[in-house]
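Below is final_23.json, holding JSON, C-alpha atoms.
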```json
[["chain", "number", "residue", "atom", "x", "y", "z"],
["A", 188, "MET", "CA", 41.97, 4.58, 30.41],
["A", 189, "ASP", "CA", 40.13, 7.20, 28.34],
["A", 190, "SER", "CA", 36.35, 7.10, 28.95],
["A", 191, "LYS", "CA", 35.58, 6.86, 25.21],
["A", 192, "VAL", "CA", 37.95, 3.91, 24.80],
["A", 193, "LEU", "CA", 36.45, 2.25, 27.87],
["A", 194, "THR", "CA", 32.90, 2.75, 26.56],
["A", 195, "SER", "CA", 33.85, 1.37, 23.17],
["A", 196, "LYS", "CA", 35.46, -1.71, 24.74],
["A", 197, "MET", "CA", 32.44, -2.26, 26.97],
["A", 198, "LEU", "CA", 29.99, -2.08, 24.04],
["A", 199, "HIS", "CA", 32.16, -4.46, 22.03],
["A", 200, "ASP", "CA", 32.20, -7.01, 24.86],
["A", 201, "ILE", "CA", 28.43, -6.70, 25.33],
["A", 202, "ARG", "CA", 27.85, -7.32, 21.61],
["A", 203, "ASN", "CA", 29.99, -10.47, 21.74],
["A", 204, "SER", "CA", 28.02, -11.73, 24.76],
["A", 205, "LEU", "CA", 24.71, -11.02, 23.02],
["A", 206, "ASN", "CA", 25.85, -12.97, 19.97],
["A", 207, "ALA", "CA", 26.45, -15.97, 22.21],
["A", 208, "ILE", "CA", 23.08, -15.57, 23.98],
["A", 209, "LEU", "CA", 21.18, -15.32, 20.69],
["A", 210, "GLY", "CA", 23.01, -18.31, 19.30],
["A", 211, "TYR", "CA", 22.34, -20.52, 22.32],
["A", 212, "SER", "CA", 18.68, -19.47, 22.57],
["A", 213, "GLN", "CA", 18.09, -20.44, 18.93],
["A", 214, "MET", "CA", 19.94, -23.75, 19.34],
["A", 215, "PHE", "CA", 17.81, -24.42, 22.43],
["A", 216, "GLN", "CA", 14.60, -23.77, 20.48],
["A", 217, "ASP", "CA", 15.69, -26.27, 17.81],
["A", 218, "GLU", "CA", 15.65, -29.10, 20.36],
["A", 219, "GLU", "CA", 12.72, -31.45, 19.78],
["A", 220, "ASN", "CA", 12.10, -32.49, 23.40],
["A", 221, "LEU", "CA", 11.40, -29.04, 24.85],
["A", 222, "ASN", "CA", 8.32, -28.57, 26.98],
["A", 223, "GLU", "CA", 6.16, -25.47, 26.64],
["A", 224, "ASP", "CA", 7.78, -23.58, 29.54],
["A", 225, "GLN", "CA", 11.29, -24.20, 28.23],
["A", 226, "LEU", "CA", 10.32, -23.02, 24.77],
["A", 227, "LYS", "CA", 8.73, -19.84, 26.18],
["A", 228, "MET", "CA", 11.87, -19.15, 28.23],
["A", 229, "ALA", "CA", 14.13, -19.53, 25.18],
["A", 230, "GLN", "CA", 11.89, -17.23, 23.13],
["A", 231, "ALA", "CA", 11.82, -14.64, 25.93],
["A", 232, "ILE", "CA", 15.63, -14.70, 26.13],
["A", 233, "GLU", "CA", 15.89, -14.19, 22.38],
["A", 234, "ARG", "CA", 13.42, -11.26, 22.45],
["A", 235, "SER", "CA", 15.29, -9.59, 25.32],
["A", 236, "ALA", "CA", 18.66, -9.99, 23.61],
["A", 237, "SER", "CA", 17.20, -8.59, 20.38],
["A", 238, "LYS", "CA", 15.87, -5.52, 22.22],
["A", 239, "ILE", "CA", 19.30, -4.85, 23.71],
["A", 240, "THR", "CA", 20.81, -5.29, 20.25],
["A", 241, "THR", "CA", 18.50, -2.58, 18.94],
["A", 242, "LEU", "CA", 19.43, -0.22, 21.78],
["A", 243, "LEU", "CA", 23.13, -0.76, 21.06],
["A", 244, "ALA", "CA", 22.52, -0.03, 17.37],
["A", 245, "SER", "CA", 20.79, 3.23, 18.33],
["A", 246, "LYS", "CA", 23.69, 4.10, 20.61],
["A", 247, "SER", "CA", 26.11, 3.47, 17.77],
["A", 248, "GLU", "CA", 24.05, 5.75, 15.51],
["A", 249, "GLU", "CA", 24.05, 8.55, 18.09],
["A", 250, "THR", "CA", 27.79, 8.23, 18.61],
["A", 251, "THR", "CA", 28.50, 8.32, 14.90],
["A", 252, "LYS", "CA", 26.24, 11.35, 14.42],
["A", 253, "HIS", "CA", 28.09, 13.13, 17.23],
["A", 254, "LEU", "CA", 31.46, 12.31, 15.65],
["A", 255, "LEU", "CA", 30.28, 13.54, 12.25],
["A", 256, "GLN", "CA", 29.12, 16.81, 13.80],
["A", 257, "GLU", "CA", 32.52, 17.20, 15.43],
["A", 258, "THR", "CA", 34.41, 16.54, 12.20],
["A", 259, "SER", "CA", 32.21, 19.00, 10.29],
["A", 260, "MET", "CA", 33.32, 21.85, 12.62],
["A", 261, "PRO", "CA", 36.14, 24.08, 11.31],
["A", 262, "LYS", "CA", 39.54, 22.92, 12.54],
["A", 263, "LYS", "CA", 43.00, 24.42, 12.36],
["A", 264, "LYS", "CA", 45.08, 23.07, 9.53],
["A", 265, "ASN", "CA", 47.97, 20.83, 10.49],
["A", 266, "ASN", "CA", 50.78, 21.44, 8.02],
["A", 267, "ASN", "CA", 52.65, 18.39, 9.25],
["A", 268, "SER", "CA", 49.82, 16.04, 8.31],
["A", 269, "THR", "CA", 49.53, 14.77, 4.74],
["A", 270, "SER", "CA", 47.22, 11.79, 5.19],
["A", 271, "PRO", "CA", 43.48, 12.01, 4.39],
["A", 272, "LYS", "CA", 40.96, 12.25, 7.21],
["A", 273, "SER", "CA", 39.37, 8.98, 8.24],
["A", 274, "ASP", "CA", 36.34, 7.64, 10.03],
["A", 275, "ILE", "CA", 37.33, 4.81, 12.38],
["A", 276, "ASN", "CA", 34.64, 2.51, 13.71],
["A", 277, "LYS", "CA", 34.71, 0.73, 17.05],
["A", 278, "HIS", "CA", 36.20, -2.40, 15.50],
["A", 279, "GLY", "CA", 39.23, -0.54, 14.20],
["A", 280, "ALA", "CA", 38.20, -0.58, 10.52],
["A", 281, "THR", "CA", 39.24, 2.59, 8.70],
["A", 282, "LEU", "CA", 37.40, 4.34, 5.90],
["A", 283, "CYS", "CA", 38.99, 7.16, 3.97],
["A", 284, "GLU", "CA", 36.64, 10.16, 4.06],
["A", 285, "ASN", "CA", 37.02, 10.66, 0.30],
["A", 286, "GLU", "CA", 36.01, 7.03, -0.32],
["A", 287, "VAL", "CA", 32.91, 7.28, 1.89],
["A", 288, "ASN", "CA", 31.75, 10.52, 0.33],
["A", 289, "SER", "CA", 32.21, 9.25, -3.23],
["A", 290, "LEU", "CA", 30.11, 6.11, -2.86],
["A", 291, "LYS", "CA", 26.53, 7.19, -2.35],
["A", 292, "MET", "CA", 24.11, 4.37, -3.05],
["A", 293, "LYS", "CA", 20.45, 3.55, -3.27],
["A", 294, "ILE", "CA", 19.94, 0.74, -0.76],
["A", 295, "LEU", "CA", 17.09, -1.72, -0.26],
["A", 296, "LEU", "CA", 16.58, -2.85, 3.36],
["A", 297, "MET", "CA", 14.38, -5.63, 4.77],
["A", 298, "GLU", "CA", 14.29, -6.02, 8.57],
["A", 299, "ASP", "CA", 11.27, -6.90, 10.71],
["A", 300, "GLU", "CA", 12.60, -5.42, 13.98],
["A", 301, "VAL", "CA", 11.21, -1.90, 13.66],
["A", 302, "TYR", "CA", 13.74, -0.08, 15.87],
["A", 303, "LEU", "CA", 16.73, -1.76, 14.27],
["A", 304, "ARG", "CA", 15.33, -1.07, 10.80],
["A", 305, "GLN", "CA", 14.81, 2.59, 11.65],
["A", 306, "SER", "CA", 18.29, 2.85, 13.17],
["A", 307, "ILE", "CA", 19.94, 1.37, 10.08],
["A", 308, "LYS", "CA", 17.95, 3.65, 7.79],
["A", 309, "ARG", "CA", 18.75, 6.78, 9.82],
["A", 310, "PHE", "CA", 22.44, 5.92, 10.01],
["A", 311, "LEU", "CA", 22.85, 5.20, 6.30],
["A", 312, "THR", "CA", 20.76, 8.24, 5.36],
["A", 313, "LEU", "CA", 23.01, 10.35, 7.58],
["A", 314, "ARG", "CA", 25.95, 8.97, 5.61],
["A", 315, "GLY", "CA", 24.35, 10.20, 2.38],
["A", 316, "HIS", "CA", 22.74, 7.01, 1.06],
["A", 317, "LYS", "CA", 19.12, 6.66, -0.06],
["A", 318, "VAL", "CA", 17.36, 3.82, 1.79],
["A", 319, "ASP", "CA", 13.99, 2.17, 1.07],
["A", 320, "ASP", "CA", 13.00, -0.06, 3.99],
["A", 321, "PHE", "CA", 10.43, -2.86, 4.39],
["A", 322, "GLU", "CA", 9.31, -5.17, 7.20],
["A", 323, "ASN", "CA", 8.90, -8.35, 5.15],
["A", 324, "GLY", "CA", 9.44, -9.85, 1.72],
["A", 325, "GLU", "CA", 5.82, -9.66, 0.61],
["A", 326, "GLU", "CA", 5.63, -5.92, 1.29],
["A", 327, "LEU", "CA", 8.99, -5.42, -0.41],
["A", 328, "LEU", "CA", 8.02, -7.26, -3.60],
["A", 329, "LYS", "CA", 4.78, -5.30, -3.85],
["A", 330, "ASN", "CA", 6.42, -1.90, -3.56],
["A", 331, "ALA", "CA", 10.11, -2.05, -4.57],
["A", 332, "ASN", "CA", 11.57, -2.22, -8.06],
["A", 333, "LEU", "CA", 14.41, -4.70, -7.52],
["A", 334, "LEU", "CA", 16.32, -3.40, -10.53],
["A", 335, "ASP", "CA", 16.67, 0.09, -9.09],
["A", 336, "TYR", "CA", 19.12, -0.54, -6.22],
["A", 337, "ASP", "CA", 22.89, -0.48, -5.81],
["A", 338, "PHE", "CA", 22.87, -2.66, -2.67],
["A", 339, "ILE", "CA", 20.48, -4.91, -0.73],
["A", 340, "ILE", "CA", 20.40, -5.65, 3.03],
["A", 341, "LEU", "CA", 18.24, -8.59, 4.15],
["A", 342, "ASP", "CA", 17.27, -10.09, 7.48],
["A", 343, "ILE", "CA", 16.66, -13.85, 7.28],
["A", 344, "ASN", "CA", 13.78, -14.60, 9.67],
["A", 345, "THR", "CA", 11.07, -12.25, 8.43],
["A", 346, "PRO", "CA", 7.28, -12.78, 8.14],
["A", 347, "GLU", "CA", 5.55, -13.91, 4.92],
["A", 348, "ILE", "CA", 8.64, -14.20, 2.68],
["A", 349, "ASP", "CA", 11.99, -14.64, 4.44],
["A", 350, "GLY", "CA", 15.41, -13.42, 3.37],
["A", 351, "PHE", "CA", 16.51, -16.73, 1.84],
["A", 352, "GLU", "CA", 13.36, -16.95, -0.30],
["A", 353, "LEU", "CA", 13.71, -13.33, -1.38],
["A", 354, "LEU", "CA", 17.37, -13.62, -2.42],
["A", 355, "SER", "CA", 16.58, -16.85, -4.27],
["A", 356, "TYR", "CA", 13.85, -14.99, -6.20],
["A", 357, "ILE", "CA", 16.22, -12.08, -6.92],
["A", 358, "ARG", "CA", 18.96, -14.32, -8.31],
["A", 359, "GLU", "CA", 16.49, -16.44, -10.32],
["A", 360, "ASN", "CA", 15.50, -13.21, -12.08],
["A", 361, "ASP", "CA", 19.15, -12.57, -13.02],
["A", 362, "ILE", "CA", 19.52, -9.59, -10.68],
["A", 363, "SER", "CA", 23.10, -9.57, -9.42],
["A", 364, "THR", "CA", 22.92, -6.60, -7.02],
["A", 365, "PRO", "CA", 25.38, -7.10, -4.10],
["A", 366, "THR", "CA", 23.49, -8.38, -1.03],
["A", 367, "ILE", "CA", 24.39, -8.76, 2.63],
["A", 368, "PHE", "CA", 22.47, -10.77, 5.21],
["A", 369, "ILE", "CA", 22.08, -9.44, 8.76],
["A", 370, "SER", "CA", 20.92, -12.09, 11.21],
["A", 371, "ALA", "CA", 21.34, -13.52, 14.70],
["A", 372, "LEU", "CA", 21.56, -17.02, 13.21],
["A", 373, "THR", "CA", 24.89, -18.68, 13.98],
["A", 374, "ASP", "CA", 24.27, -22.12, 12.50],
["A", 375, "VAL", "CA", 27.04, -22.86, 9.99],
["A", 376, "GLN", "CA", 24.64, -24.52, 7.54],
["A", 377, "LYS", "CA", 22.45, -21.40, 7.48],
["A", 378, "ILE", "CA", 25.47, -19.20, 6.82],
["A", 379, "LEU", "CA", 26.64, -21.51, 4.03],
["A", 380, "LYS", "CA", 23.15, -21.42, 2.51],
["A", 381, "ALA", "CA", 23.30, -17.61, 2.45],
["A", 382, "PHE", "CA", 26.45, -17.67, 0.35],
["A", 383, "GLU", "CA", 25.17, -20.51, -1.86],
["A", 384, "LEU", "CA", 22.17, -18.35, -2.72],
["A", 385, "GLY", "CA", 24.49, -15.56, -3.85],
["A", 386, "ALA", "CA", 25.00, -13.36, -0.78],
["A", 387, "SER", "CA", 28.05, -11.09, -0.87],
["A", 388, "ASP", "CA", 28.50, -11.07, 2.92],
["A", 389, "TYR", "CA", 26.93, -12.13, 6.22],
["A", 390, "LEU", "CA", 26.89, -9.95, 9.35],
["A", 391, "LYS", "CA", 25.83, -11.40, 12.69],
["A", 392, "LYS", "CA", 23.58, -9.46, 15.05],
["A", 393, "PRO", "CA", 24.27, -7.49, 17.13],
["A", 394, "PHE", "CA", 26.63, -5.35, 15.10],
["A", 395, "ASP", "CA", 27.99, -1.84, 14.96],
["A", 396, "LEU", "CA", 26.26, 0.31, 12.34],
["A", 397, "ALA", "CA", 29.61, 1.68, 11.21],
["A", 398, "GLU", "CA", 30.76, -1.89, 10.59],
["A", 399, "LEU", "CA", 27.69, -2.47, 8.41],
["A", 400, "GLU", "CA", 28.70, 0.44, 6.18],
["A", 401, "VAL", "CA", 32.26, -0.87, 6.00],
["A", 402, "ARG", "CA", 30.93, -4.24, 4.79],
["A", 403, "ILE", "CA", 28.68, -2.52, 2.23],
["A", 404, "LEU", "CA", 31.52, -0.44, 0.83],
["A", 405, "ARG", "CA", 33.84, -3.43, 0.65],
["A", 406, "CYS", "CA", 31.26, -5.48, -1.26],
["A", 407, "ASN", "CA", 30.51, -2.62, -3.62],
["A", 408, "SER", "CA", 34.17, -1.76, -4.19],
["A", 409, "LYS", "CA", 34.39, -4.91, -6.34],
["A", 410, "ASN", "CA", 32.17, -3.15, -8.89],
["A", 411, "ASP", "CA", 33.98, -0.47, -10.90],
["A", 412, "SER", "CA", 32.08, 2.82, -10.87],
["A", 413, "PHE", "CA", 32.98, 3.49, -14.52],
["A", 414, "VAL", "CA", 32.25, 1.17, -17.44],
["A", 415, "LEU", "CA", 34.36, 1.77, -20.53],
["A", 416, "LEU", "CA", 32.31, 1.51, -23.74],
["A", 417, "ALA", "CA", 34.78, 3.03, -26.22],
["A", 418, "ASP", "CA", 38.05, 4.98, -26.17],
["A", 419, "ASN", "CA", 36.30, 8.27, -25.44],
["A", 420, "LEU", "CA", 32.97, 6.92, -24.12],
["A", 421, "LYS", "CA", 32.24, 5.57, -20.65],
["A", 422, "TYR", "CA", 29.33, 5.14, -18.27],
["A", 423, "ASP", "CA", 29.33, 6.48, -14.70],
["A", 424, "LEU", "CA", 27.32, 3.96, -12.67],
["A", 425, "GLN", "CA", 27.34, 6.06, -9.53],
["A", 426, "ASN", "CA", 25.79, 9.15, -11.14],
["A", 427, "ARG", "CA", 24.07, 7.24, -13.95],
["A", 428, "ASN", "CA", 25.58, 9.39, -16.67],
["A", 429, "LEU", "CA", 26.97, 8.56, -20.12],
["A", 430, "LEU", "CA", 30.20, 10.51, -20.62],
["A", 431, "LYS", "CA", 31.91, 11.42, -23.89],
["A", 432, "ASP", "CA", 35.36, 12.97, -23.34],
["A", 433, "GLU", "CA", 34.31, 13.43, -19.66],
["A", 434, "THR", "CA", 31.24, 15.48, -20.69],
["A", 435, "PRO", "CA", 27.80, 14.03, -19.79],
["A", 436, "TYR", "CA", 25.35, 13.36, -22.62],
["A", 437, "LYS", "CA", 22.00, 15.10, -22.26],
["A", 438, "LEU", "CA", 19.56, 12.19, -22.22],
["A", 439, "SER", "CA", 15.86, 12.11, -21.43],
["A", 440, "HIS", "CA", 14.68, 10.43, -18.24],
["A", 441, "ILE", "CA", 13.46, 7.40, -20.22],
["A", 442, "HIS", "CA", 16.72, 7.02, -22.15],
["A", 443, "LYS", "CA", 18.74, 7.32, -18.92],
["A", 444, "LYS", "CA", 16.79, 4.53, -17.24],
["A", 445, "PHE", "CA", 16.93, 2.34, -20.34],
["A", 446, "LEU", "CA", 20.70, 2.66, -20.59],
["A", 447, "TYR", "CA", 21.22, 2.23, -16.84],
["A", 448, "ILE", "CA", 19.44, -1.12, -16.68],
["A", 449, "LEU", "CA", 21.51, -2.40, -19.62],
["A", 450, "ILE", "CA", 24.79, -1.29, -18.02],
["A", 451, "LYS", "CA", 23.88, -2.48, -14.53],
["A", 452, "ASN", "CA", 23.03, -5.92, -15.93],
["A", 453, "GLN", "CA", 25.91, -5.95, -18.39],
["A", 454, "ASN", "CA", 26.45, -9.19, -20.32],
["A", 455, "THR", "CA", 23.10, -10.45, -19.02],
["A", 456, "LEU", "CA", 19.78, -10.60, -20.85],
["A", 457, "VAL", "CA", 17.44, -7.70, -20.01],
["A", 458, "THR", "CA", 13.99, -8.84, -21.10],
["A", 459, "PHE", "CA", 11.29, -6.65, -22.60],
["A", 460, "ASN", "CA", 9.21, -7.19, -19.44],
["A", 461, "MET", "CA", 12.12, -6.00, -17.27],
["A", 462, "LEU", "CA", 12.34, -2.87, -19.39],
["A", 463, "ARG", "CA", 8.59, -2.22, -19.09],
["A", 464, "ASP", "CA", 8.71, -2.69, -15.31],
["A", 465, "TYR", "CA", 11.77, -0.54, -14.69],
["A", 466, "VAL", "CA", 11.82, 2.12, -17.40],
["A", 467, "TRP", "CA", 8.06, 2.67, -17.71],
["A", 468, "LYS", "CA", 7.10, 1.44, -14.21],
["A", 469, "GLY", "CA", 4.77, -1.25, -15.55],
["A", 470, "LYS", "CA", 2.69, 1.11, -17.68],
["A", 471, "GLU", "CA", 1.04, -0.21, -20.81],
["A", 472, "ILE", "CA", 3.34, 0.67, -23.72],
["A", 473, "THR", "CA", 3.64, -0.73, -27.21],
["A", 474, "HIS", "CA", 6.54, -2.91, -28.26],
["A", 475, "GLY", "CA", 7.31, -0.25, -30.83],
["A", 476, "THR", "CA", 8.04, 2.23, -28.02],
["A", 477, "ILE", "CA", 10.78, -0.04, -26.71],
["A", 478, "LEU", "CA", 12.26, -0.50, -30.20],
["A", 479, "SER", "CA", 12.15, 3.24, -30.85],
["A", 480, "THR", "CA", 13.93, 4.02, -27.57],
["A", 481, "MET", "CA", 16.65, 1.50, -28.38],
["A", 482, "ARG", "CA", 17.10, 2.99, -31.87],
["A", 483, "ASP", "CA", 17.71, 6.40, -30.29],
["A", 484, "LEU", "CA", 20.37, 4.97, -27.94],
["A", 485, "LYS", "CA", 22.11, 3.05, -30.74],
["A", 486, "LYS", "CA", 22.85, 6.38, -32.43],
["A", 487, "ILE", "CA", 25.27, 7.29, -29.63],
["A", 488, "LEU", "CA", 26.46, 3.83, -28.48],
["A", 489, "PRO", "CA", 29.12, 1.61, -30.08],
["A", 490, "ASN", "CA", 27.70, -0.97, -32.50],
["A", 491, "SER", "CA", 29.24, -3.77, -30.44],
["A", 492, "PHE", "CA", 27.45, -2.76, -27.21],
["A", 493, "VAL", "CA", 23.86, -3.82, -27.95],
["A", 494, "LYS", "CA", 23.07, -7.42, -28.74],
["A", 495, "ASN", "CA", 19.48, -8.07, -29.80],
["A", 496, "VAL", "CA", 18.01, -11.35, -28.54],
["A", 497, "ARG", "CA", 15.12, -11.90, -30.92],
["A", 498, "GLY", "CA", 11.73, -11.94, -29.19],
["A", 499, "GLU", "CA", 13.25, -11.66, -25.68],
["A", 500, "GLY", "CA", 15.19, -8.45, -25.12],
["A", 501, "TYR", "CA", 18.70, -6.98, -25.21],
["A", 502, "ILE", "CA", 22.16, -7.63, -23.79],
["A", 503, "GLY", "CA", 24.53, -4.78, -23.04],
["A", 504, "VAL", "CA", 27.86, -6.31, -24.07],
["A", 505, "VAL", "CA", 30.84, -5.05, -22.05],
["A", 506, "PRO", "CA", 34.29, -6.66, -22.48],
["A", 507, "ILE", "CA", 35.40, -8.45, -19.28]]
```

structure tokens encoding of this file:
Amino acid sequence: MDSKVLTSKMLHDIRNSLNAILGYSQMFQDEENLNEDQLKMAQAIERSASKITTLLASKSEETTKHLLQETSMPKKKNNNSTSPKSDINKHGATLCENEVNSLKMKILLMEDEVYLRQSIKRFLTLRGHKVDDFENGEELLKNANLLDYDFIILDINTPEIDGFELLSYIRENDISTPTIFISALTDVQKILKAFELGASDYLKKPFDLAELEVRILRCNSKNDSFVLLADNLKYDLQNRNLLKDETPYKLSHIHKKFLYILIKNQNTLVTFNMLRDYVWKGKEITHGTILSTMRDLKKILPNSFVKNVRGEGYIGVVPI
């Protein structure tokens, strides 16, 4: 058996075993009649399994980086091959290289295990994505603009504000950004709660970093990159450009952000406070500034696109 195949199989089996260990250790800690020594033992087992999980994630990152370096080297053309190049992760999932390279996202990450968080960030950055990472929900809410991301990755058991509380807050504020939970929790009720709160997917620790990207791309593939506004007018969500006959409009930074938040939250109310927070980063501006910016955009947008909700904000109306 090829050494690479053997290594891949070994890592896969270890990950499955770690999933079981983490699950049993958490179930054990939920028992009410544990004495102090038993509780300490269960917590020690969980910490050890988590450390190994982090090491495996780092190994996966190194392997992927090595493979990317190999594929970036010049190779002889094979005239007999007509299929696109692919990246294949250890679980057999295939990603077309063109698809991976065309979906660069701004990603929000919350994970309290520092080495795992750093590994995820390095891996996704290597793949061309922009990642803002935080240890807990309180730090995230203080520093991140939730409206500015294409995808969100959340751990569940984090200090201060946990993943469930954070996603609940995000959805209550009508932010529909696709979100995936990463957690060692295996309890079915917890997993169901994640989806009830509006999660797009749930990935159990430990996991392969390449599999994480596959899940992200699959969740995001449900959202069309282009939004048609008129016969010759469309919006490119990926590059945040308004296109007329395939030619980008030259918009100011403020107008670009204003239009983006309307398109990203299409058919949903975007309040004046949301506009102040996102477009002007919370700066003190007059209400007239918002109205003036909207008037400028209306000159180039279809009349049917903007719906004014008196005293509250705007809705970017896109036919479903």

Check which residues of segment 376-471 of chain A sit at most 9 Å from segment 489-498 of chain A using all atoms listed in the file, and return one row each with the closest pair of atoms and their distance in Å to one decimal, ordered by chain and rising number, as a Markdown table.
```
| residue | atom | partner | partner_atom | distance |
| --- | --- | --- | --- | --- |
| A:Leu416 | CA | A:Pro489 | CA | 7.1 |
| A:Ala417 | CA | A:Pro489 | CA | 7.0 |
| A:Leu420 | CA | A:Pro489 | CA | 8.9 |
| A:Leu449 | CA | A:Val493 | CA | 8.8 |
| A:Leu456 | CA | A:Val496 | CA | 7.9 |
| A:Thr458 | CA | A:Val496 | CA | 8.8 |
| A:Phe459 | CA | A:Gly498 | CA | 8.5 |
```

Write the residues of the selection above to a file with C-alpha atoms, as a PDB file, keeping the file's coordinate frame.
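Below is the file that was written, part_24.pdb:
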```
ATOM      1  CA  LEU A 416      32.310   1.510 -23.740  1.00  0.00           C
ATOM      2  CA  ALA A 417      34.780   3.030 -26.220  1.00  0.00           C
ATOM      3  CA  LEU A 420      32.970   6.920 -24.120  1.00  0.00           C
ATOM      4  CA  LEU A 449      21.510  -2.400 -19.620  1.00  0.00           C
ATOM      5  CA  LEU A 456      19.780 -10.600 -20.850  1.00  0.00           C
ATOM      6  CA  THR A 458      13.990  -8.840 -21.100  1.00  0.00           C
ATOM      7  CA  PHE A 459      11.290  -6.650 -22.600  1.00  0.00           C
TER       8      PHE A 459
END
```

Contacts of Leu333 of chain A at 8 Å (only C-alpha atoms; same-chain gap of 3+ positions) as a list in words: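 Close residues of Leu333 of chain A: Leu328, Tyr336, Ile357 and Ile362 of chain A.
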
Tell me which of A:Leu341, A:Leu327, A:Leu384, A:Met292 sits closest to Glu359 of chain A, counting only C-alpha atoms.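 Going through A:Leu341, A:Leu327, A:Leu384, A:Met292 one by one, the smallest distance to Glu359 of chain A is for A:Leu384.
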
With only C-alpha atoms as the atoms that count, which of A:Ile201, A:Gly324, A:Tyr447, A:Gly350 lies nearest to Asp423 of chain A?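 Closest residue, counting only C-alpha atoms: A:Tyr447.
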
Could you build a table of the residues in segment 416-454 of chain A lying no more than 12 Å from segment 475-487 of chain A, giving for each the nearest pair of atoms and their separation in Å rounded to one decimal place, using all atoms listed in the file, ordered by chain and ascending residue number, as a Markdown table?
```
| residue | atom | partner | partner_atom | distance |
| --- | --- | --- | --- | --- |
| A:Leu416 | CA | A:Ile487 | CA | 10.8 |
| A:Ala417 | CA | A:Ile487 | CA | 11.0 |
| A:Asn419 | CA | A:Ile487 | CA | 11.8 |
| A:Leu420 | CA | A:Ile487 | CA | 9.5 |
| A:Lys421 | CA | A:Ile487 | CA | 11.5 |
| A:Leu429 | CA | A:Ile487 | CA | 9.7 |
| A:Leu430 | CA | A:Ile487 | CA | 10.8 |
| A:Lys431 | CA | A:Ile487 | CA | 9.7 |
| A:Tyr436 | CA | A:Ile487 | CA | 9.3 |
| A:Lys437 | CA | A:Ile487 | CA | 11.2 |
| A:Leu438 | CA | A:Leu484 | CA | 9.2 |
| A:Ser439 | CA | A:Thr480 | CA | 10.3 |
| A:His440 | CA | A:Thr480 | CA | 11.3 |
| A:Ile441 | CA | A:Thr480 | CA | 8.1 |
| A:His442 | CA | A:Thr480 | CA | 6.8 |
| A:Lys443 | CA | A:Leu484 | CA | 9.5 |
| A:Lys444 | CA | A:Thr480 | CA | 10.7 |
| A:Phe445 | CA | A:Thr480 | CA | 8.0 |
| A:Leu446 | CA | A:Leu484 | CA | 7.7 |
| A:Tyr447 | CA | A:Leu484 | CA | 11.5 |
| A:Leu449 | CA | A:Met481 | CA | 10.8 |
```

Same residues, C-alpha atoms, saved as a PDB file, in the frame of the given file:
```
ATOM      1  CA  LEU A 416      32.310   1.510 -23.740  1.00  0.00           C
ATOM      2  CA  ALA A 417      34.780   3.030 -26.220  1.00  0.00           C
ATOM      3  CA  ASN A 419      36.300   8.270 -25.440  1.00  0.00           C
ATOM      4  CA  LEU A 420      32.970   6.920 -24.120  1.00  0.00           C
ATOM      5  CA  LYS A 421      32.240   5.570 -20.650  1.00  0.00           C
ATOM      6  CA  LEU A 429      26.970   8.560 -20.120  1.00  0.00           C
ATOM      7  CA  LEU A 430      30.200  10.510 -20.620  1.00  0.00           C
ATOM      8  CA  LYS A 431      31.910  11.420 -23.890  1.00  0.00           C
ATOM      9  CA  TYR A 436      25.350  13.360 -22.620  1.00  0.00           C
ATOM     10  CA  LYS A 437      22.000  15.100 -22.260  1.00  0.00           C
ATOM     11  CA  LEU A 438      19.560  12.190 -22.220  1.00  0.00           C
ATOM     12  CA  SER A 439      15.860  12.110 -21.430  1.00  0.00           C
ATOM     13  CA  HIS A 440      14.680  10.430 -18.240  1.00  0.00           C
ATOM     14  CA  ILE A 441      13.460   7.400 -20.220  1.00  0.00           C
ATOM     15  CA  HIS A 442      16.720   7.020 -22.150  1.00  0.00           C
ATOM     16  CA  LYS A 443      18.740   7.320 -18.920  1.00  0.00           C
ATOM     17  CA  LYS A 444      16.790   4.530 -17.240  1.00  0.00           C
ATOM     18  CA  PHE A 445      16.930   2.340 -20.340  1.00  0.00           C
ATOM     19  CA  LEU A 446      20.700   2.660 -20.590  1.00  0.00           C
ATOM     20  CA  TYR A 447      21.220   2.230 -16.840  1.00  0.00           C
ATOM     21  CA  LEU A 449      21.510  -2.400 -19.620  1.00  0.00           C
TER      22      LEU A 449
END
```
